[in-house]
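Text of model.csv, listed as CSV, C-alpha atoms:
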chain,number,residue,atom,x,y,z
A,299,MET,CA,58.8,70.1,81.5
A,300,HIS,CA,61.9,70.8,83.5
A,301,ALA,CA,62.4,74.1,85.2
A,302,ARG,CA,64.5,76.6,83.2
A,303,ILE,CA,67.8,77.8,84.7
A,304,GLU,CA,66.3,81.3,85.3
A,305,HIS,CA,63.8,79.6,87.6
A,306,LEU,CA,66.4,77.6,89.3
A,307,LEU,CA,68.5,80.7,89.9
A,308,SER,CA,65.5,82.6,91.3
A,309,ILE,CA,64.7,79.7,93.7
A,310,ARG,CA,68.4,79.6,94.7
A,311,ASP,CA,68.4,83.4,95.4
A,312,GLY,CA,65.1,83.3,97.3
A,313,GLU,CA,63.2,85.2,94.6
A,314,PRO,CA,59.6,84.5,93.9
A,315,VAL,CA,58.7,81.9,91.2
A,316,ALA,CA,55.4,80.5,90.1
A,317,ALA,CA,54.0,78.0,92.5
A,318,ASP,CA,53.9,75.2,90.0
A,319,VAL,CA,57.5,75.6,89.0
A,320,HIS,CA,58.5,75.5,92.7
A,321,GLU,CA,56.4,72.4,93.2
A,322,HIS,CA,58.0,70.7,90.2
A,323,VAL,CA,61.6,71.4,91.4
A,324,VAL,CA,60.8,70.0,94.8
A,325,HIS,CA,59.6,66.7,93.2
A,326,CYS,CA,61.8,66.4,90.2
A,327,ARG,CA,65.2,64.8,90.9
A,328,ALA,CA,66.8,66.2,87.8
A,329,CYS,CA,65.7,69.7,88.6
A,330,ALA,CA,66.7,69.3,92.2
A,331,ALA,CA,70.1,68.2,91.1
A,332,ALA,CA,70.3,71.2,88.7
A,333,LEU,CA,69.4,73.5,91.5
A,334,GLN,CA,72.2,71.9,93.6
A,335,ASP,CA,74.5,72.5,90.7
A,336,VAL,CA,73.8,76.3,90.4
A,337,ALA,CA,74.1,76.6,94.2
A,338,GLY,CA,77.3,74.6,94.1
A,339,ILE,CA,78.8,76.8,91.4
A,340,ARG,CA,78.1,79.9,93.4
A,341,GLU,CA,79.9,78.3,96.4
A,342,GLN,CA,82.8,77.3,94.2
A,343,LEU,CA,83.0,80.8,92.8
A,344,ARG,CA,83.1,82.3,96.3
A,345,GLY,CA,85.8,79.9,97.3
A,346,LEU,CA,88.2,80.9,94.4
A,347,PRO,CA,91.5,82.2,95.6
A,348,VAL,CA,92.1,85.9,96.3
A,349,ALA,CA,94.9,87.6,94.4
A,350,PRO,CA,98.2,87.7,96.3
A,351,ALA,CA,99.7,91.1,97.4
A,352,GLU,CA,102.0,92.8,95.0
A,353,PRO,CA,105.1,94.2,96.9
A,354,ALA,CA,105.9,96.8,94.2
A,355,GLY,CA,102.3,97.8,93.7
A,356,TRP,CA,102.2,100.8,96.0
A,357,GLU,CA,105.3,102.4,94.4
A,358,GLU,CA,103.6,102.0,91.0
A,359,VAL,CA,100.4,103.6,92.3
A,360,ARG,CA,102.4,106.6,93.7
A,361,GLN,CA,104.1,107.0,90.3
A,362,ARG,CA,100.8,107.0,88.5
A,363,MET,CA,99.4,109.6,90.9
A,364,ALA,CA,102.4,111.8,90.3
A,365,GLY,CA,102.0,111.4,86.6
A,366,ARG,CA,98.3,112.2,86.7
A,367,ALA,CA,99.1,115.3,88.8
A,368,ASP,CA,101.6,116.5,86.2
A,369,ALA,CA,99.1,115.9,83.4
A,370,ASP,CA,96.5,117.9,85.3
A,371,LYS,CA,99.0,120.8,85.7
A,372,ARG,CA,99.7,120.7,82.0
A,373,ARG,CA,96.1,120.7,81.1
A,374,ALA,CA,95.5,123.6,83.5
A,375,ALA,CA,98.4,125.6,81.9
A,376,VAL,CA,96.9,124.9,78.4
A,377,ARG,CA,93.5,126.1,79.6
A,378,ARG,CA,95.1,129.3,81.0
A,379,ILE,CA,96.9,129.9,77.7
A,380,ALA,CA,93.7,129.1,75.8
A,381,ALA,CA,91.8,131.6,77.9
A,382,ALA,CA,94.5,134.2,77.3
A,383,ALA,CA,94.5,133.5,73.6
A,384,SER,CA,90.7,133.7,73.4
A,385,ALA,CA,90.8,137.0,75.3
A,386,ALA,CA,93.4,138.4,73.0
A,387,VAL,CA,91.5,137.3,69.9
A,388,ILE,CA,88.3,138.8,71.3
A,389,ALA,CA,90.1,142.0,72.2
A,390,ILE,CA,91.5,142.2,68.7
A,391,ALA,CA,88.1,141.5,67.1
A,392,VAL,CA,86.4,144.2,69.3
A,393,SER,CA,89.1,146.8,68.6
A,394,TRP,CA,89.0,146.1,64.9
A,395,ARG,CA,85.2,146.4,65.0
A,396,ALA,CA,85.6,149.6,67.0
A,397,GLY,CA,88.2,150.8,64.5
A,398,ASP,CA,85.8,150.1,61.6
A,399,ASP,CA,83.1,152.1,63.3
A,400,PHE,CA,85.5,154.9,63.8
A,401,VAL,CA,86.6,154.7,60.2
A,402,ALA,CA,83.2,154.8,58.7
A,403,PRO,CA,82.2,158.3,59.7
A,404,ALA,CA,85.8,159.5,58.9
A,405,ALA,CA,85.4,158.0,55.4
A,406,VAL,CA,82.3,160.0,54.9
A,407,THR,CA,84.1,163.2,55.9
A,408,VAL,CA,87.4,162.4,54.4
A,409,LEU,CA,86.7,164.4,51.3
A,410,GLN,CA,86.5,167.5,53.4
A,411,ALA,CA,89.2,166.5,55.9
A,412,PRO,CA,92.7,167.9,55.5
A,413,LEU,CA,95.4,165.3,54.7
A,414,ALA,CA,97.0,165.8,58.1
A,415,VAL,CA,93.9,164.5,59.8
A,416,GLU,CA,93.8,161.4,57.8
A,417,GLU,CA,97.4,160.7,58.5
A,418,THR,CA,96.8,161.2,62.2
A,419,LEU,CA,94.0,158.7,62.1
A,420,ALA,CA,96.2,156.2,60.3
A,421,MET,CA,98.9,156.7,62.9
A,422,ASP,CA,96.3,156.0,65.6
A,423,ARG,CA,95.3,152.8,63.9
A,424,VAL,CA,99.0,151.8,63.5
A,425,ALA,CA,99.4,152.3,67.2
A,426,GLN,CA,96.4,150.2,67.9
A,427,LEU,CA,97.7,147.4,65.6
A,428,GLN,CA,101.1,147.6,67.3
A,429,THR,CA,99.5,147.1,70.7
A,430,GLN,CA,97.5,144.1,69.4
A,431,SER,CA,100.6,142.7,67.8
A,432,HIS,CA,102.5,143.0,71.1
A,433,ALA,CA,99.6,141.3,73.0
A,434,LEU,CA,99.8,138.4,70.5
A,435,GLU,CA,103.6,138.2,71.0
A,436,ASP,CA,103.0,137.8,74.8
A,437,VAL,CA,100.5,135.0,74.2
A,438,LEU,CA,102.9,133.3,71.8
A,439,SER,CA,105.8,133.6,74.3
A,440,ALA,CA,103.5,132.0,77.0
A,441,PHE,CA,103.5,128.8,74.9
A,442,GLY,CA,107.2,128.5,75.4
A,443,ASP,CA,109.6,126.8,73.0
A,444,ALA,CA,108.2,124.8,70.2
A,445,PRO,CA,107.8,121.1,71.1
A,446,ALA,CA,110.8,118.8,70.3
A,447,VAL,CA,108.5,116.6,68.3
A,448,GLU,CA,106.4,118.5,66.0
A,449,ARG,CA,103.4,117.5,64.0
A,450,ALA,CA,103.9,117.9,60.2
A,451,GLY,CA,100.4,119.3,59.8
A,452,THR,CA,101.2,122.4,61.9
A,453,ALA,CA,105.0,122.6,61.7
A,454,VAL,CA,105.0,123.6,58.0
A,455,PRO,CA,102.4,126.4,58.3
A,456,ILE,CA,104.1,127.6,61.5
A,457,ASP,CA,107.4,127.9,59.7
A,458,ALA,CA,105.7,129.7,56.8
A,459,LEU,CA,103.9,132.1,59.0
A,460,GLU,CA,107.0,132.9,61.0
A,461,ALA,CA,108.9,133.6,57.8
A,462,GLN,CA,106.2,136.0,56.6
A,463,VAL,CA,106.3,137.8,60.0
A,464,GLN,CA,110.1,138.1,59.7
A,465,TRP,CA,109.7,139.6,56.2
A,466,ILE,CA,107.1,142.1,57.4
A,467,ASP,CA,109.4,143.0,60.3
A,468,HIS,CA,112.2,143.5,57.8
A,469,GLN,CA,110.1,145.8,55.7
A,470,LEU,CA,108.9,147.8,58.8
A,471,SER,CA,112.5,148.1,60.2
A,472,THR,CA,114.1,149.2,56.9
A,473,GLY,CA,111.2,151.4,55.7
A,474,ASP,CA,111.9,154.6,57.7
A,475,GLY,CA,109.3,157.2,56.7
A,476,LEU,CA,106.8,154.7,55.4
A,477,ALA,CA,103.5,156.3,54.4
A,478,ALA,CA,101.0,155.9,57.2
A,479,GLY,CA,98.8,153.8,54.9
A,480,VAL,CA,101.6,151.4,54.1
A,481,ALA,CA,102.6,151.1,57.7
A,482,GLU,CA,99.0,150.4,58.7
A,483,ARG,CA,98.7,147.7,56.0
A,484,LEU,CA,101.9,146.0,57.1
A,485,TRP,CA,101.0,146.0,60.8
A,486,ARG,CA,97.5,144.7,60.0
A,487,GLU,CA,99.1,141.8,58.0
A,488,ARG,CA,101.5,141.2,61.0
A,489,VAL,CA,98.5,141.0,63.4
A,490,ASP,CA,96.7,138.6,61.1
A,491,LEU,CA,99.8,136.4,60.8
A,492,MET,CA,100.4,136.5,64.6
A,493,ASN,CA,96.8,135.5,65.2
A,494,SER,CA,97.2,132.5,63.0
A,495,LEU,CA,100.4,131.5,64.7
A,496,VAL,CA,98.6,131.7,68.1
A,497,GLN,CA,95.9,129.4,66.9
A,498,LEU,CA,98.3,126.9,65.5
A,499,ARG,CA,100.5,126.8,68.6
A,500,TYR,CA,97.3,126.4,70.7
A,501,ALA,CA,96.3,123.4,68.6
A,502,ASP,CA,99.7,121.9,69.1
A,503,ALA,CA,99.6,122.5,72.8
A,504,GLN,CA,96.2,120.8,73.1
A,505,ARG,CA,97.5,117.8,71.2
A,506,ILE,CA,100.5,117.5,73.5
A,507,ALA,CA,98.4,117.8,76.6
A,508,MET,CA,96.0,115.0,75.5
B,256,MET,CA,82.4,85.6,99.3
B,257,SER,CA,83.5,89.1,98.3
B,258,ALA,CA,86.9,89.9,99.5
B,259,PHE,CA,85.7,93.5,100.1
B,260,ILE,CA,83.3,92.3,102.9
B,261,ASP,CA,86.0,91.8,105.5
B,262,THR,CA,88.0,94.8,104.5
B,263,ASP,CA,87.4,98.2,106.1
B,264,LEU,CA,89.4,100.9,107.7
B,265,PRO,CA,89.0,103.3,110.6
B,266,ASP,CA,87.4,106.6,109.6
B,267,THR,CA,90.5,108.3,110.9
B,268,THR,CA,92.7,106.6,108.3
B,269,VAL,CA,90.4,107.8,105.5
B,270,ALA,CA,90.4,111.3,107.0
B,271,ARG,CA,94.2,111.4,107.2
B,272,ALA,CA,94.6,110.1,103.7
B,273,ARG,CA,92.2,112.8,102.5
B,274,ALA,CA,94.4,115.4,104.2
B,275,GLY,CA,97.3,114.1,102.2
B,276,ASP,CA,99.0,111.8,104.7
B,277,ALA,CA,101.0,109.4,102.5
B,278,SER,CA,101.2,106.6,105.2
B,279,ALA,CA,97.4,106.6,105.5
B,280,GLN,CA,97.1,106.4,101.7
B,281,GLU,CA,99.4,103.5,101.7
B,282,GLN,CA,97.3,101.8,104.4
B,283,ILE,CA,94.3,102.2,102.2
B,284,TYR,CA,96.2,100.6,99.3
B,285,ARG,CA,97.4,97.7,101.5
B,286,ALA,CA,93.9,97.1,102.9
B,287,PHE,CA,92.2,96.9,99.5
B,288,GLU,CA,95.0,95.7,97.2
B,289,ARG,CA,93.9,92.1,97.2
B,290,PRO,CA,90.2,92.6,96.8
B,291,VAL,CA,90.7,95.1,94.0
B,292,ARG,CA,93.2,93.0,92.1
B,293,THR,CA,91.0,89.9,92.6
B,294,LEU,CA,87.9,91.7,91.2
B,295,ALA,CA,89.9,93.1,88.3
B,296,ARG,CA,91.3,89.7,87.4
B,297,ARG,CA,88.0,87.9,87.6
B,298,LEU,CA,86.1,90.5,85.6
B,299,LEU,CA,88.7,91.1,82.9
B,300,ALA,CA,90.2,87.6,82.7
B,301,ASN,CA,93.4,89.2,81.4
B,302,ASN,CA,96.1,89.5,83.9
B,303,ALA,CA,98.1,92.4,82.4
B,304,ALA,CA,95.0,94.5,81.8
B,305,ALA,CA,93.7,93.6,85.3
B,306,GLU,CA,96.9,94.9,86.9
B,307,ASP,CA,96.8,98.1,84.9
B,308,VAL,CA,93.1,98.7,85.8
B,309,ALA,CA,93.8,97.9,89.5
B,310,GLN,CA,96.5,100.6,89.6
B,311,ASP,CA,94.1,103.1,88.0
B,312,VAL,CA,91.5,102.2,90.6
B,313,PHE,CA,93.8,103.2,93.4
B,314,VAL,CA,94.8,106.4,91.7
B,315,ASP,CA,91.0,107.2,91.4
B,316,VAL,CA,90.3,106.2,95.0
B,317,LEU,CA,93.2,108.2,96.4
B,318,THR,CA,92.6,111.3,94.3
B,319,ARG,CA,88.9,111.3,94.8
B,320,LEU,CA,88.8,110.7,98.6
B,321,HIS,CA,87.1,114.1,99.0
B,322,GLN,CA,84.1,112.7,97.1
B,323,PHE,CA,83.6,109.9,99.6
B,324,GLU,CA,80.6,110.5,101.8
B,325,ALA,CA,80.5,108.5,105.0
B,326,ARG,CA,76.9,107.5,104.4
B,327,GLY,CA,78.0,104.0,103.1
B,328,SER,CA,81.0,101.9,103.8
B,329,PHE,CA,84.3,102.9,102.5
B,330,ALA,CA,84.8,99.3,101.2
B,331,GLY,CA,81.6,99.6,99.2
B,332,TRP,CA,82.8,102.9,97.8
B,333,VAL,CA,86.2,101.5,96.7
B,334,ARG,CA,84.4,98.5,95.2
B,335,SER,CA,82.0,100.6,93.2
B,336,ILE,CA,85.0,102.5,91.7
B,337,ALA,CA,86.7,99.2,90.9
B,338,VAL,CA,83.6,97.8,89.2
B,339,SER,CA,83.1,101.0,87.2
B,340,ARG,CA,86.7,101.0,86.1
B,341,CYS,CA,86.6,97.3,85.0
B,342,LEU,CA,83.4,97.7,83.1
B,343,MET,CA,84.7,100.8,81.4
B,344,HIS,CA,87.7,98.8,80.3
B,345,LEU,CA,85.4,96.0,79.0
B,346,ARG,CA,83.3,98.5,77.1
B,347,SER,CA,86.2,100.4,75.5
B,348,PRO,CA,86.2,99.7,71.8
B,349,TRP,CA,90.0,100.0,71.8
B,350,GLN,CA,90.4,97.4,74.5
B,351,ARG,CA,87.8,95.2,72.8
B,352,SER,CA,89.8,95.2,69.6
B,353,ARG,CA,93.0,94.4,71.5
B,354,ARG,CA,91.3,91.5,73.1
B,355,TRP,CA,90.9,89.9,69.7
B,356,LEU,CA,94.7,89.8,69.6
B,357,THR,CA,95.3,88.4,73.1
B,358,GLN,CA,94.0,85.2,74.7
B,359,PRO,CA,92.1,85.4,77.9
B,360,ALA,CA,93.8,83.9,80.9
B,361,THR,CA,92.5,80.5,80.4
B,362,ASP,CA,96.0,79.1,80.8
B,363,ALA,CA,96.0,77.3,84.2
B,364,THR,CA,99.5,78.4,85.1
B,365,GLU,CA,98.5,81.8,86.4
B,366,TRP,CA,95.6,80.4,88.4
B,367,GLU,CA,97.8,77.6,89.8
B,368,ALA,CA,100.2,80.2,91.1
B,369,TRP,CA,97.3,81.9,93.0
B,370,ASP,CA,96.2,78.5,94.4
B,371,GLU,CA,99.7,77.7,95.6
B,372,HIS,CA,99.9,81.2,97.2
B,373,GLU,CA,96.5,80.5,98.9
B,374,ALA,CA,97.7,77.1,100.2
B,375,ASP,CA,100.9,78.7,101.5
B,376,THR,CA,99.0,81.4,103.3
B,377,GLY,CA,96.4,78.9,104.7
B,378,GLY,CA,93.6,80.2,102.4
B,379,ALA,CA,90.2,78.7,103.0
B,380,GLY,CA,87.8,76.9,100.6
B,381,ARG,CA,90.5,75.0,98.8
B,382,THR,CA,88.7,71.7,98.7
B,383,ASP,CA,89.6,70.5,95.3
B,384,HIS,CA,92.6,72.0,93.5
B,385,ALA,CA,91.7,70.5,90.1
B,386,SER,CA,88.1,71.6,90.2
B,387,THR,CA,89.2,75.1,91.2
B,388,ILE,CA,91.4,75.3,88.1
B,389,ASP,CA,88.6,74.0,85.9
B,390,LEU,CA,86.2,76.6,87.3
B,391,GLU,CA,88.7,79.4,86.8
B,392,ARG,CA,89.2,78.3,83.2
B,393,ALA,CA,85.5,78.1,82.6
B,394,LEU,CA,84.9,81.5,84.1
B,395,ALA,CA,87.6,83.1,82.0
B,396,ALA,CA,86.2,81.5,78.9
B,397,LEU,CA,82.8,83.2,79.4
B,398,ASN,CA,82.1,86.3,77.4
B,399,ASP,CA,82.9,89.6,79.1
B,400,THR,CA,79.4,90.5,80.0
B,401,ALA,CA,78.3,87.0,81.3
B,402,ARG,CA,81.5,86.8,83.3
B,403,ALA,CA,81.1,90.2,84.9
B,404,VAL,CA,77.4,89.5,85.7
B,405,VAL,CA,78.0,86.1,87.3
B,406,TRP,CA,80.9,87.4,89.4
B,407,LEU,CA,79.1,90.6,90.5
B,408,HIS,CA,75.9,88.7,91.4
B,409,ASP,CA,77.2,85.4,92.8
B,410,VAL,CA,80.3,86.6,94.5
B,411,GLU,CA,80.1,90.3,95.2
B,412,GLY,CA,76.4,90.1,96.1
B,413,TYR,CA,75.1,92.7,93.7
B,414,THR,CA,71.4,92.7,93.0
B,415,HIS,CA,70.1,92.4,89.4
B,416,ALA,CA,69.0,96.0,89.7
B,417,GLU,CA,72.4,97.2,90.7
B,418,ILE,CA,74.1,95.2,87.9
B,419,ALA,CA,71.6,96.6,85.5
B,420,ALA,CA,72.4,100.1,86.6
B,421,HIS,CA,76.1,99.5,86.0
B,422,PHE,CA,75.4,98.2,82.5
B,423,GLY,CA,72.8,100.8,81.7
B,424,ALA,CA,70.4,97.9,81.1
B,425,THR,CA,67.3,96.3,82.7
B,426,ALA,CA,67.2,93.7,85.5
B,427,SER,CA,65.9,91.2,83.0
B,428,PHE,CA,69.2,91.7,81.0
B,429,SER,CA,71.2,90.9,84.2
B,430,LYS,CA,69.0,87.8,84.9
B,431,SER,CA,69.4,86.4,81.4
B,432,GLN,CA,73.1,87.0,81.4
B,433,LEU,CA,73.4,85.2,84.8
B,434,ALA,CA,71.4,82.3,83.4
B,435,ARG,CA,73.6,82.1,80.3
B,436,ALA,CA,76.7,82.2,82.4
B,437,HIS,CA,75.5,79.4,84.7
B,438,GLU,CA,74.4,77.3,81.7
B,439,ARG,CA,77.9,77.6,80.2
B,440,LEU,CA,79.7,77.0,83.5
B,441,ARG,CA,77.7,73.9,84.1
B,442,THR,CA,78.4,72.6,80.6
B,443,ALA,CA,82.1,73.4,80.9
B,444,LEU,CA,82.4,71.8,84.3
B,445,GLN,CA,80.5,68.7,83.2
B,446,ALA,CA,82.7,68.4,80.1
B,447,GLU,CA,85.7,68.5,82.5
B,448,GLY,CA,84.2,65.5,84.2
B,449,ILE,CA,84.3,67.0,87.7
B,450,GLU,CA,80.6,67.7,88.0
B,451,LYS,CA,77.9,65.7,89.6
B,452,PRO,CA,77.4,62.0,89.0
B,453,CYS,CA,74.6,60.8,86.8
B,454,MET,CA,71.3,61.2,88.5
B,455,PRO,CA,68.2,59.4,87.3
B,456,VAL,CA,65.4,61.5,86.0
B,457,SER,CA,62.1,61.2,87.8
B,458,SER,CA,59.4,59.6,85.8
B,459,THR,CA,57.1,62.5,86.7
B,460,CYS,CA,59.2,64.9,84.6
Reformat the file's structure so that it appears as structure tokens.
Amino acid sequence: MHARIEHLLSIRDGEPVAADVHEHVVHCRACAAALQDVAGIREQLRGLPVAPAEPAGWEEVRQRMAGRADADKRRAAVRRIAAAASAAVIAIAVSWRAGDDFVAPAAVTVLQAPLAVEETLAMDRVAQLQTQSHALEDVLSAFGDAPAVERAGTAVPIDALEAQVQWIDHQLSTGDGLAAGVAERLWRERVDLMNSLVQLRYADAQRIAM
Amino acid sequence: MSAFIDTDLPDTTVARARAGDASAQEQIYRAFERPVRTLARRLLANNAAAEDVAQDVFVDVLTRLHQFEARGSFAGWVRSIAVSRCLMHLRSPWQRSRRWLTQPATDATEWEAWDEHEADTGGAGRTDHASTIDLERALAALNDTARAVVWLHDVEGYTHAEIAAHFGATASFSKSQLARAHERLRTALQAEGIEKPCMPVSSTC
């Protein structure tokens, strides 16, 4: 039985093999020739030519390095925006929650409370919502202009949301003397819409950065 | 023998490159350009892909210089990045599907250009031009894994354990891939008629 090629390679590389296999290879001309072959192929492989130098190669590497640095900067910017957006969303959620906690006891006592107190509370909530809305405006403006090439999946909802925000702004701007409850409802809707807009723009920004 | 063996740089060059010195970075590129491109071309057997990967290797090397620890040789560090990049390319499902659409570089034209360049520059080991072309064709025709294993083991001097670590496999896997590669190379070279003359088999076998 001739030695298997695994054995021949082990002998060639100076690795241990069974004594009888080694003995066989020493005395078998076919196996000795096969051993020479595998050693010869290794020498031939080592003698294959080395790639020539590429004169323009360094310039291409520099361009790639610059491109990668730009991409890293874009990713960092998106991460910062994402962090700001997350912070804004968390702040809004916390303030809503705090607002709810605040409303609950008020709702219990509302029957005894004079109307002026309820209106004052509603005005406070409107002020809170306006602050949240402005915070979301800041986050949105941090995204910059909409990308030149938009994704259909987000472009349509973004347009729809912006139209709704405009409609609410129109109602708020023309509705002097709106009842506190109505103003609160409109501002709450505006904050919801702005929040959705931030999420969509964030998704878009992530896609562009990838 | 591995083209990386004879390639190294003074520590000061690496330190300057790490500090952002563009001329030192270019020195690193010039020193390792040929070994990296050779390794990529041999492992990938696709010239366009090899050039692309080689460029990425240098971007990796030059942007990660701060990660180099002087415990080992700089050439070894560069080579390990190059090997990882090439194997990543071979493993990529996207690249695999693309390779279905493109032929490996079994066409002798490209290799002949290398040979001529070697001859012009007084390259060593050019004993038989035809057999070199045949070997290059045979090597390029191996499957990706067998080709990478035989090159890393026989030329770059990687141990089976080191190859296994790169492939996330066992040393036995590396050994069996090496055996398979040699089997096929021998068959291919014998079919080309450049291998050994007929040798009588001993009656004791």
Fill in: Non-local contacts of Ala354 in chain A (12 Å; only C-alpha atoms; under 5 positions in same chain excluded) as a list in words
Val359, Arg360 and Gln361 of chain A; Glu281, Tyr284, Arg285, Glu288, Glu306 and Gln310 of chain B
Item to complete: Using only C-alpha atoms, find which residues of chain A lie within 8 Å of chain B and jot them down as a PyMOL selection string.
Response: chain A and resi 299-300+303-304+307+326-328+331+335-336+339-340+342-352+355-356+358-360+362-363
Using all atoms listed in the file, determine which residues lie at most 10 Å from range 342-345 of chain B, disregarding the query and same-chain residues fewer than 6 positions distant; provide the list as a compact mmCIF listing (two decimals) with C-alpha atoms, in the coordinates of the input.
# COMPACT_ATOMS: atom_id res chain seq x y z
CA ALA B 295 89.90 93.10 88.30
CA LEU B 298 86.10 90.50 85.60
CA LEU B 299 88.70 91.10 82.90
CA ALA B 304 95.00 94.50 81.80
CA ALA B 305 93.70 93.60 85.30
CA VAL B 308 93.10 98.70 85.80
CA ILE B 336 85.00 102.50 91.70
CA ARG B 351 87.80 95.20 72.80
CA ARG B 354 91.30 91.50 73.10
CA ASP B 399 82.90 89.60 79.10
CA THR B 400 79.40 90.50 80.00
CA ALA B 403 81.10 90.20 84.90
CA HIS B 421 76.10 99.50 86.00
CA PHE B 422 75.40 98.20 82.50
Discussion item. What's around range 424-437 of chain A at 8 Å? Count all atoms listed in the file, leave out sequence neighbours fewer than 5 positions away in its own chain, and write the answer as a ChimeraX atom specification.
Written reply: /A:379,382-383,386,390,478,481-482,485-486,488-489,492-493,496
Output the selection as a PDB file, keeping the file's coordinate frame - C-alpha atoms for each residue.
ATOM      1  CA  ILE A 379      96.900 129.900  77.700  1.00  0.00           C
ATOM      2  CA  ALA A 382      94.500 134.200  77.300  1.00  0.00           C
ATOM      3  CA  ALA A 383      94.500 133.500  73.600  1.00  0.00           C
ATOM      4  CA  ALA A 386      93.400 138.400  73.000  1.00  0.00           C
ATOM      5  CA  ILE A 390      91.500 142.200  68.700  1.00  0.00           C
ATOM      6  CA  ALA A 478     101.000 155.900  57.200  1.00  0.00           C
ATOM      7  CA  ALA A 481     102.600 151.100  57.700  1.00  0.00           C
ATOM      8  CA  GLU A 482      99.000 150.400  58.700  1.00  0.00           C
ATOM      9  CA  TRP A 485     101.000 146.000  60.800  1.00  0.00           C
ATOM     10  CA  ARG A 486      97.500 144.700  60.000  1.00  0.00           C
ATOM     11  CA  ARG A 488     101.500 141.200  61.000  1.00  0.00           C
ATOM     12  CA  VAL A 489      98.500 141.000  63.400  1.00  0.00           C
ATOM     13  CA  MET A 492     100.400 136.500  64.600  1.00  0.00           C
ATOM     14  CA  ASN A 493      96.800 135.500  65.200  1.00  0.00           C
ATOM     15  CA  VAL A 496      98.600 131.700  68.100  1.00  0.00           C
TER      16      VAL A 496
END
Item to complete: Find the distance between CA of Ala375 in chain A and CA of Leu495 in chain A and write it in Å to one decimal.
Response: 18.3 Å
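Picture a line from CA of Gly312 in chain A to CA of Thr425 in chain B; it runs 19.7 Å.
Across the structure, CA of Ala380 in chain A and CA of Leu438 in chain A are spaced 10.9 Å apart.
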